[in-house]
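A.B. asks: My structure is stored as my_file.cif, with mmCIF, C-alpha atoms.
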```
data_start
loop_
_atom_site.label_atom_id
_atom_site.label_comp_id
_atom_site.auth_asym_id
_atom_site.auth_seq_id
_atom_site.Cartn_x
_atom_site.Cartn_y
_atom_site.Cartn_z
CA MET A 1 158.81 142.32 105.93
CA THR A 2 157.81 140.43 109.08
CA THR A 3 159.09 136.96 109.75
CA GLU A 4 155.65 135.44 109.19
CA HIS A 5 155.37 137.16 105.81
CA ALA A 6 158.83 135.97 104.94
CA ILE A 7 157.83 132.40 105.70
CA GLU A 8 154.66 132.63 103.63
CA ALA A 9 156.50 134.19 100.72
CA GLY A 10 159.14 131.48 100.88
CA HIS A 11 161.94 134.05 101.07
CA ALA A 12 163.32 133.39 104.54
CA ALA A 13 163.54 130.84 107.29
CA PRO A 14 161.52 131.37 110.48
CA ALA A 15 163.22 133.53 113.08
CA ASN A 16 162.50 131.19 115.97
CA ALA A 17 161.23 127.72 116.77
CA THR A 18 157.76 128.91 117.77
CA GLU A 19 157.07 130.50 114.39
CA TYR A 20 158.50 127.49 112.56
CA ILE A 21 156.28 125.04 114.45
CA SER A 22 153.23 127.28 114.13
CA HIS A 23 153.75 127.61 110.40
CA HIS A 24 154.04 123.85 109.87
CA LEU A 25 150.94 123.17 111.97
CA THR A 26 148.78 125.61 109.98
CA HIS A 27 146.41 124.16 107.39
CA LEU A 28 145.84 125.36 103.86
CA LYS A 29 142.23 126.46 104.14
CA SER A 30 139.51 127.36 101.71
CA ALA A 31 138.64 131.00 101.08
CA ASP A 32 135.94 131.00 103.76
CA GLY A 33 138.14 129.06 106.20
CA ALA A 34 135.62 126.24 106.53
CA PHE A 35 137.64 123.45 104.90
CA ASN A 36 141.22 122.20 105.22
CA LEU A 37 142.14 121.86 101.56
CA ASP A 38 145.45 120.11 102.24
CA THR A 39 143.71 117.34 104.19
CA PHE A 40 141.13 116.88 101.43
CA TRP A 41 143.52 116.78 98.48
CA VAL A 42 146.18 114.61 100.10
CA SER A 43 143.47 112.15 101.19
CA ALA A 44 141.97 112.11 97.70
CA ILE A 45 145.34 111.59 96.02
CA MET A 46 146.25 108.72 98.38
CA GLY A 47 142.83 107.20 97.69
CA PHE A 48 143.52 107.23 93.97
CA VAL A 49 147.00 105.76 94.59
CA PHE A 50 145.42 102.89 96.54
CA LEU A 51 142.86 102.22 93.79
CA ALA A 52 145.50 102.40 91.05
CA VAL A 53 147.93 100.01 92.77
CA PHE A 54 145.28 97.41 93.58
CA TYR A 55 143.72 97.71 90.12
CA MET A 56 147.14 97.18 88.56
CA ALA A 57 147.73 94.17 90.80
CA SER A 58 144.37 92.66 89.82
CA ARG A 59 145.11 93.15 86.11
CA ARG A 60 148.52 91.49 86.46
CA ALA A 61 147.38 88.68 88.74
CA THR A 62 148.28 85.22 87.55
CA ALA A 63 147.71 81.69 88.79
CA GLY A 64 151.32 80.88 88.04
CA VAL A 65 154.38 82.41 89.67
CA PRO A 66 153.17 85.69 91.20
CA GLY A 67 155.08 88.93 90.77
CA LYS A 68 156.30 91.17 93.58
CA LEU A 69 153.23 93.42 93.41
CA GLN A 70 150.86 90.46 93.50
CA ASN A 71 152.74 88.98 96.47
CA PHE A 72 152.52 92.30 98.30
CA VAL A 73 148.79 92.70 97.71
CA GLU A 74 148.07 89.07 98.59
CA MET A 75 150.05 89.46 101.82
CA ILE A 76 147.87 92.43 102.83
CA MET A 77 144.66 90.61 101.89
CA GLU A 78 145.64 87.52 103.85
CA MET A 79 146.41 89.61 106.93
CA VAL A 80 143.08 91.41 106.68
CA ASN A 81 141.20 88.15 106.06
CA GLU A 82 142.75 86.58 109.15
CA THR A 83 141.59 89.55 111.21
CA ILE A 84 138.07 89.27 109.77
CA ASN A 85 137.86 85.50 110.31
CA GLY A 86 138.90 85.93 113.93
CA ALA A 87 136.54 88.79 114.77
CA PHE A 88 133.61 88.81 112.34
CA HIS A 89 131.45 85.68 112.54
CA ALA A 90 128.56 86.73 110.31
CA LYS A 91 128.45 86.65 106.51
CA SER A 92 128.94 89.86 104.56
CA LYS A 93 130.24 90.72 101.11
CA ILE A 94 131.13 94.22 102.28
CA ILE A 95 133.29 93.61 105.32
CA ALA A 96 136.42 92.35 103.52
CA PRO A 97 136.63 95.16 100.90
CA LEU A 98 135.82 97.69 103.62
CA ALA A 99 138.56 96.40 105.94
CA ILE A 100 141.16 96.29 103.16
CA THR A 101 140.25 99.83 102.06
CA ILE A 102 140.48 101.16 105.62
CA PHE A 103 143.84 99.53 106.34
CA VAL A 104 145.60 100.50 103.11
CA TRP A 105 144.14 104.00 102.86
CA VAL A 106 144.87 104.87 106.50
CA TRP A 107 148.39 103.44 106.13
CA LEU A 108 149.03 105.62 103.07
CA LEU A 109 147.74 108.70 104.89
CA ASN A 110 149.92 107.93 107.91
CA ALA A 111 152.94 107.23 105.68
CA MET A 112 152.93 110.84 104.44
CA ASP A 113 154.73 111.52 107.71
CA PHE A 114 157.84 109.85 106.25
CA LEU A 115 158.36 112.70 103.79
CA PRO A 116 160.85 115.37 104.91
CA VAL A 117 159.02 118.07 106.84
CA ASP A 118 159.94 120.90 104.46
CA LEU A 119 159.84 118.98 101.16
CA LEU A 120 156.26 119.44 99.93
CA PRO A 121 155.72 122.85 101.60
CA THR A 122 158.86 124.16 99.87
CA VAL A 123 157.90 122.71 96.48
CA LEU A 124 154.36 124.09 96.64
CA SER A 125 155.61 127.49 97.82
CA TRP A 126 157.15 127.86 94.33
CA PHE A 127 153.57 127.74 92.98
CA GLY A 128 152.13 130.19 95.47
CA VAL A 129 150.97 127.71 98.14
CA HIS A 130 152.61 128.77 101.38
CA LYS A 131 150.85 126.63 103.98
CA LEU A 132 150.53 122.87 103.89
CA ARG A 133 150.11 119.96 106.28
CA VAL A 134 150.79 116.68 104.52
CA VAL A 135 149.50 114.17 107.11
CA PRO A 136 145.68 114.02 106.89
CA THR A 137 145.38 111.74 109.91
CA ALA A 138 147.04 114.44 112.03
CA ASP A 139 143.92 116.52 111.36
CA VAL A 140 141.24 115.73 113.94
CA ASN A 141 138.52 116.70 111.44
CA HIS A 142 139.62 113.90 109.13
CA THR A 143 139.85 111.22 111.82
CA PHE A 144 136.45 112.22 113.20
CA GLY A 145 135.02 112.04 109.67
CA MET A 146 136.33 108.50 109.19
CA SER A 147 135.11 107.46 112.63
CA LEU A 148 131.68 108.93 111.93
CA SER A 149 131.54 106.84 108.75
CA VAL A 150 132.30 103.75 110.83
CA VAL A 151 129.47 104.62 113.24
CA VAL A 152 127.11 104.95 110.28
CA CYS A 153 128.25 101.50 109.08
CA ILE A 154 127.65 100.10 112.58
CA ILE A 155 124.05 101.34 112.52
CA ALA A 156 123.52 100.10 108.95
CA PHE A 157 124.93 96.63 109.70
CA SER A 158 122.79 96.38 112.82
CA ILE A 159 119.61 97.35 110.96
CA LYS A 160 120.37 94.89 108.15
CA ALA A 161 120.98 92.03 110.59
CA LYS A 162 118.08 92.71 113.00
CA GLY A 163 115.67 94.80 110.98
CA LEU A 164 114.70 98.37 111.75
CA GLY A 165 112.25 97.27 114.44
CA GLY A 166 114.76 94.93 116.03
CA TRP A 167 117.44 97.62 116.11
CA ILE A 168 115.08 100.16 117.70
CA LYS A 169 113.92 97.55 120.22
CA GLU A 170 117.51 96.78 121.15
CA LEU A 171 118.21 100.46 121.78
CA PHE A 172 115.68 100.38 124.63
CA THR A 173 116.04 96.81 125.92
CA ALA A 174 119.83 96.26 126.09
CA PRO A 175 122.14 95.89 127.90
CA PHE A 176 119.73 95.68 130.87
CA HIS A 177 116.82 93.31 130.33
CA ALA A 178 113.54 93.14 132.23
CA SER A 179 110.90 90.39 132.18
CA GLY A 180 107.86 92.56 132.84
CA ILE A 181 106.38 95.50 130.95
CA ILE A 182 106.88 97.85 133.90
CA GLY A 183 110.54 96.93 134.28
CA THR A 184 111.07 97.30 130.54
CA ILE A 185 109.58 100.80 130.57
CA LEU A 186 111.64 101.84 133.59
CA LEU A 187 114.89 100.56 132.10
CA ALA A 188 114.24 101.92 128.59
CA PRO A 189 115.72 105.42 129.23
CA VAL A 190 118.79 103.93 130.92
CA ASN A 191 119.36 101.46 128.09
CA PHE A 192 118.94 104.15 125.43
CA LEU A 193 121.39 106.43 127.24
CA LEU A 194 123.98 103.66 127.52
CA GLN A 195 123.53 102.76 123.83
CA MET A 196 124.22 106.39 122.86
CA VAL A 197 127.22 106.56 125.19
CA GLU A 198 128.55 103.39 123.57
CA LEU A 199 128.25 104.84 120.06
CA VAL A 200 129.88 108.13 121.10
CA ALA A 201 132.68 106.24 122.88
CA LYS A 202 133.39 104.26 119.70
CA LEU A 203 133.43 107.47 117.69
CA ILE A 204 135.83 109.21 120.08
CA SER A 205 138.11 106.23 120.66
CA LEU A 206 138.60 105.58 116.95
CA SER A 207 139.21 109.20 116.01
CA LEU A 208 141.33 110.45 118.91
CA ARG A 209 143.56 107.37 119.08
CA LEU A 210 144.60 107.78 115.45
CA PHE A 211 144.77 111.57 115.62
CA GLY A 212 146.81 111.64 118.83
CA ASN A 213 149.46 109.22 117.62
CA MET A 214 149.90 110.83 114.21
CA TYR A 215 149.85 114.40 115.55
CA ALA A 216 152.55 113.50 118.07
CA GLY A 217 154.64 111.87 115.36
CA GLU A 218 154.28 114.89 113.08
CA LEU A 219 155.28 117.24 115.89
CA ILE A 220 158.38 115.19 116.73
CA PHE A 221 159.52 115.30 113.10
CA ILE A 222 159.04 119.09 113.13
CA LEU A 223 161.10 119.39 116.31
CA ILE A 224 163.85 117.23 114.80
CA ALA A 225 163.89 119.52 111.75
CA LEU A 226 164.80 122.42 114.06
CA LEU A 227 168.05 120.72 115.08
CA PRO A 228 171.40 121.12 113.27
CA TRP A 229 171.70 118.98 110.16
CA TRP A 230 174.06 116.46 111.76
CA ALA A 231 171.65 115.94 114.66
CA GLN A 232 168.71 115.55 112.28
CA TRP A 233 170.25 112.44 110.73
CA ALA A 234 171.25 111.02 114.12
CA LEU A 235 167.76 111.40 115.62
CA GLY A 236 165.52 111.45 112.56
CA GLY A 237 166.70 108.08 111.22
CA PRO A 238 165.90 106.00 114.34
CA TRP A 239 162.63 107.84 114.88
CA ALA A 240 161.59 107.25 111.25
CA ILE A 241 162.32 103.52 111.64
CA PHE A 242 160.30 103.38 114.86
CA HIS A 243 157.56 105.43 113.21
CA ILE A 244 157.10 102.71 110.59
CA LEU A 245 155.74 100.54 113.40
CA ILE A 246 153.43 103.33 114.62
CA VAL A 247 152.11 104.05 111.12
CA THR A 248 151.36 100.38 110.46
CA LEU A 249 150.01 99.67 113.93
CA GLN A 250 147.59 102.61 113.89
CA ALA A 251 146.24 101.60 110.48
CA PHE A 252 145.80 98.03 111.71
CA VAL A 253 144.13 99.10 114.97
CA PHE A 254 141.65 101.34 113.14
CA MET A 255 140.80 98.50 110.77
CA ALA A 256 140.61 95.83 113.47
CA LEU A 257 138.40 97.93 115.75
CA THR A 258 136.09 98.64 112.84
CA VAL A 259 135.72 94.92 112.17
CA VAL A 260 135.09 94.21 115.87
CA TYR A 261 132.49 96.98 116.14
CA LEU A 262 130.69 95.73 113.03
CA SER A 263 130.77 92.20 114.41
CA LEU A 264 129.16 93.40 117.65
CA ALA A 265 126.55 95.28 115.61
CA VAL A 266 125.25 92.12 113.92
CA GLU A 267 125.21 89.97 117.06
CA LYS A 268 122.46 89.84 119.64
CA HIS A 269 123.24 91.04 123.16
#
```
How does this structure look as structure tokens?
C.D. replies:
Amino acid sequence: MTTEHAIEAGHAAPANATEYISHHLTHLKSADGAFNLDTFWVSAIMGFVFLAVFYMASRRATAGVPGKLQNFVEMIMEMVNETINGAFHAKSKIIAPLAITIFVWVWLLNAMDFLPVDLLPTVLSWFGVHKLRVVPTADVNHTFGMSLSVVVCIIAFSIKAKGLGGWIKELFTAPFHASGIIGTILLAPVNFLLQMVELVAKLISLSLRLFGNMYAGELIFILIALLPWWAQWALGGPWAIFHILIVTLQAFVFMALTVVYLSLAVEKH
């Protein structure tokens, strides 16, 4: 039996660091290889966890002395509301729920990195699942998907605020403005190109910033797992504490940038 087969069967440890790292960075894919099933299911489960916790908090909410769960949820909502009030100056019933959902869901996805590297892969190997990556935000497909959703929201918010005609007009008349018809026609291709570059830049910056930070964190935890057990505690503990900041900061940055982009979408140039 080769080492790779031994890993997949759960019968032996990897023979070297390269095989160990490669195994832990391999996704559980669908039969045709088109979808990363681990990313999908972990994301879905964390989404249900978010909905369940906030639903429970809303059911237990009281005007009297709040419980610990209510205090926790209210703290998150106040933080998100402060961000919205400082960056989003229009009126929208969607922006607050959207921002709260983004922050909490992305934080939960990032927080999967706190689980021991071999915990879930080992447990699932008992049920015949031999490959698993537990951090969805370390999958560039997932971060690009979320960022693409934000771009769609940017376009939708802009159309709602300016109308379809106003949005199309802005694509060809901003950021460079011309007073005459000839100047407007000459600048239209340049403006349209810059508008597309701006949208693509937002898509890439949102997705790659989150992916890069979480992928690096996941890789460091894997490298720490290769060390002797006594060194794992010495290095893993401090890194996990520092990683709490990274996990929270990346969720906040993704949420804050989304709010800023949506605010820019509803404002005139």
A.B. asks: For A:Leu206, which residue out of A:Ile241, A:Leu25, A:Val140, A:Val80 is the nearest one, using all atoms listed in the file?
C.D. replies: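 Nearest candidate to A:Leu206 out of A:Ile241, A:Leu25, A:Val140, A:Val80: A:Val140.
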A.B. asks: Just so the selection is clear, what residues does the PyMOL selection byres ((chain A and resi 106) around 10) cover here, as a PyMOL selection string?
C.D. replies: chain A and resi 43+46-47+100-105+107-111+136-137+143+146+210+247-248+250-252+254-255
A.B. asks: Quick one: of A:Ile224, A:Thr39, A:Asn81, A:Leu28, who's nearest to A:Ser125, counting all atoms listed in the file?
C.D. replies: A:Leu28
A.B. asks: Written as a tab-separated table (two decimals) with C-alpha atoms, keeping the file's coordinate frame, what is the full residue list that the PyMOL selection byres ((chain A and resi 120) around 12) yields on the file shown?
C.D. replies:
```tsv
chain	number	residue	atom	x	y	z
A	24	HIS	CA	154.04	123.85	109.87
A	38	ASP	CA	145.45	120.11	102.24
A	42	VAL	CA	146.18	114.61	100.10
A	112	MET	CA	152.93	110.84	104.44
A	113	ASP	CA	154.73	111.52	107.71
A	114	PHE	CA	157.84	109.85	106.25
A	115	LEU	CA	158.36	112.70	103.79
A	116	PRO	CA	160.85	115.37	104.91
A	117	VAL	CA	159.02	118.07	106.84
A	118	ASP	CA	159.94	120.90	104.46
A	119	LEU	CA	159.84	118.98	101.16
A	121	PRO	CA	155.72	122.85	101.60
A	122	THR	CA	158.86	124.16	99.87
A	123	VAL	CA	157.90	122.71	96.48
A	124	LEU	CA	154.36	124.09	96.64
A	125	SER	CA	155.61	127.49	97.82
A	126	TRP	CA	157.15	127.86	94.33
A	127	PHE	CA	153.57	127.74	92.98
A	129	VAL	CA	150.97	127.71	98.14
A	130	HIS	CA	152.61	128.77	101.38
A	131	LYS	CA	150.85	126.63	103.98
A	132	LEU	CA	150.53	122.87	103.89
A	133	ARG	CA	150.11	119.96	106.28
A	134	VAL	CA	150.79	116.68	104.52
A	135	VAL	CA	149.50	114.17	107.11
```
A.B. asks: Could you check the closest approach to A:Leu203 for each of A:Val150, A:Leu257, A:Leu98, A:Asn191 and tell me which residue wins, using only C-alpha atoms?
C.D. replies: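 Looking only at the distances to A:Leu203, the closest residue turns out to be A:Val150.
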A.B. asks: Once the PyMOL selection byres ((chain A and resi 151-165) around 12) has been evaluated on this model, what residues remain selected, and can you format them as a PyMOL selection string?
C.D. replies: chain A and resi 88+90-95+98-99+144-150+166-172+195-196+198-207+257-269
A.B. asks: Restrict the selected residues to C-alpha atoms and save them as a PDB file, in the frame of the given file.
C.D. replies:
```
ATOM      1  CA  PHE A  88     133.610  88.810 112.340  1.00  0.00           C
ATOM      2  CA  ALA A  90     128.560  86.730 110.310  1.00  0.00           C
ATOM      3  CA  LYS A  91     128.450  86.650 106.510  1.00  0.00           C
ATOM      4  CA  SER A  92     128.940  89.860 104.560  1.00  0.00           C
ATOM      5  CA  LYS A  93     130.240  90.720 101.110  1.00  0.00           C
ATOM      6  CA  ILE A  94     131.130  94.220 102.280  1.00  0.00           C
ATOM      7  CA  ILE A  95     133.290  93.610 105.320  1.00  0.00           C
ATOM      8  CA  LEU A  98     135.820  97.690 103.620  1.00  0.00           C
ATOM      9  CA  ALA A  99     138.560  96.400 105.940  1.00  0.00           C
ATOM     10  CA  PHE A 144     136.450 112.220 113.200  1.00  0.00           C
ATOM     11  CA  GLY A 145     135.020 112.040 109.670  1.00  0.00           C
ATOM     12  CA  MET A 146     136.330 108.500 109.190  1.00  0.00           C
ATOM     13  CA  SER A 147     135.110 107.460 112.630  1.00  0.00           C
ATOM     14  CA  LEU A 148     131.680 108.930 111.930  1.00  0.00           C
ATOM     15  CA  SER A 149     131.540 106.840 108.750  1.00  0.00           C
ATOM     16  CA  VAL A 150     132.300 103.750 110.830  1.00  0.00           C
ATOM     17  CA  GLY A 166     114.760  94.930 116.030  1.00  0.00           C
ATOM     18  CA  TRP A 167     117.440  97.620 116.110  1.00  0.00           C
ATOM     19  CA  ILE A 168     115.080 100.160 117.700  1.00  0.00           C
ATOM     20  CA  LYS A 169     113.920  97.550 120.220  1.00  0.00           C
ATOM     21  CA  GLU A 170     117.510  96.780 121.150  1.00  0.00           C
ATOM     22  CA  LEU A 171     118.210 100.460 121.780  1.00  0.00           C
ATOM     23  CA  PHE A 172     115.680 100.380 124.630  1.00  0.00           C
ATOM     24  CA  GLN A 195     123.530 102.760 123.830  1.00  0.00           C
ATOM     25  CA  MET A 196     124.220 106.390 122.860  1.00  0.00           C
ATOM     26  CA  GLU A 198     128.550 103.390 123.570  1.00  0.00           C
ATOM     27  CA  LEU A 199     128.250 104.840 120.060  1.00  0.00           C
ATOM     28  CA  VAL A 200     129.880 108.130 121.100  1.00  0.00           C
ATOM     29  CA  ALA A 201     132.680 106.240 122.880  1.00  0.00           C
ATOM     30  CA  LYS A 202     133.390 104.260 119.700  1.00  0.00           C
ATOM     31  CA  LEU A 203     133.430 107.470 117.690  1.00  0.00           C
ATOM     32  CA  ILE A 204     135.830 109.210 120.080  1.00  0.00           C
ATOM     33  CA  SER A 205     138.110 106.230 120.660  1.00  0.00           C
ATOM     34  CA  LEU A 206     138.600 105.580 116.950  1.00  0.00           C
ATOM     35  CA  SER A 207     139.210 109.200 116.010  1.00  0.00           C
ATOM     36  CA  LEU A 257     138.400  97.930 115.750  1.00  0.00           C
ATOM     37  CA  THR A 258     136.090  98.640 112.840  1.00  0.00           C
ATOM     38  CA  VAL A 259     135.720  94.920 112.170  1.00  0.00           C
ATOM     39  CA  VAL A 260     135.090  94.210 115.870  1.00  0.00           C
ATOM     40  CA  TYR A 261     132.490  96.980 116.140  1.00  0.00           C
ATOM     41  CA  LEU A 262     130.690  95.730 113.030  1.00  0.00           C
ATOM     42  CA  SER A 263     130.770  92.200 114.410  1.00  0.00           C
ATOM     43  CA  LEU A 264     129.160  93.400 117.650  1.00  0.00           C
ATOM     44  CA  ALA A 265     126.550  95.280 115.610  1.00  0.00           C
ATOM     45  CA  VAL A 266     125.250  92.120 113.920  1.00  0.00           C
ATOM     46  CA  GLU A 267     125.210  89.970 117.060  1.00  0.00           C
ATOM     47  CA  LYS A 268     122.460  89.840 119.640  1.00  0.00           C
ATOM     48  CA  HIS A 269     123.240  91.040 123.160  1.00  0.00           C
TER      49      HIS A 269
END
```
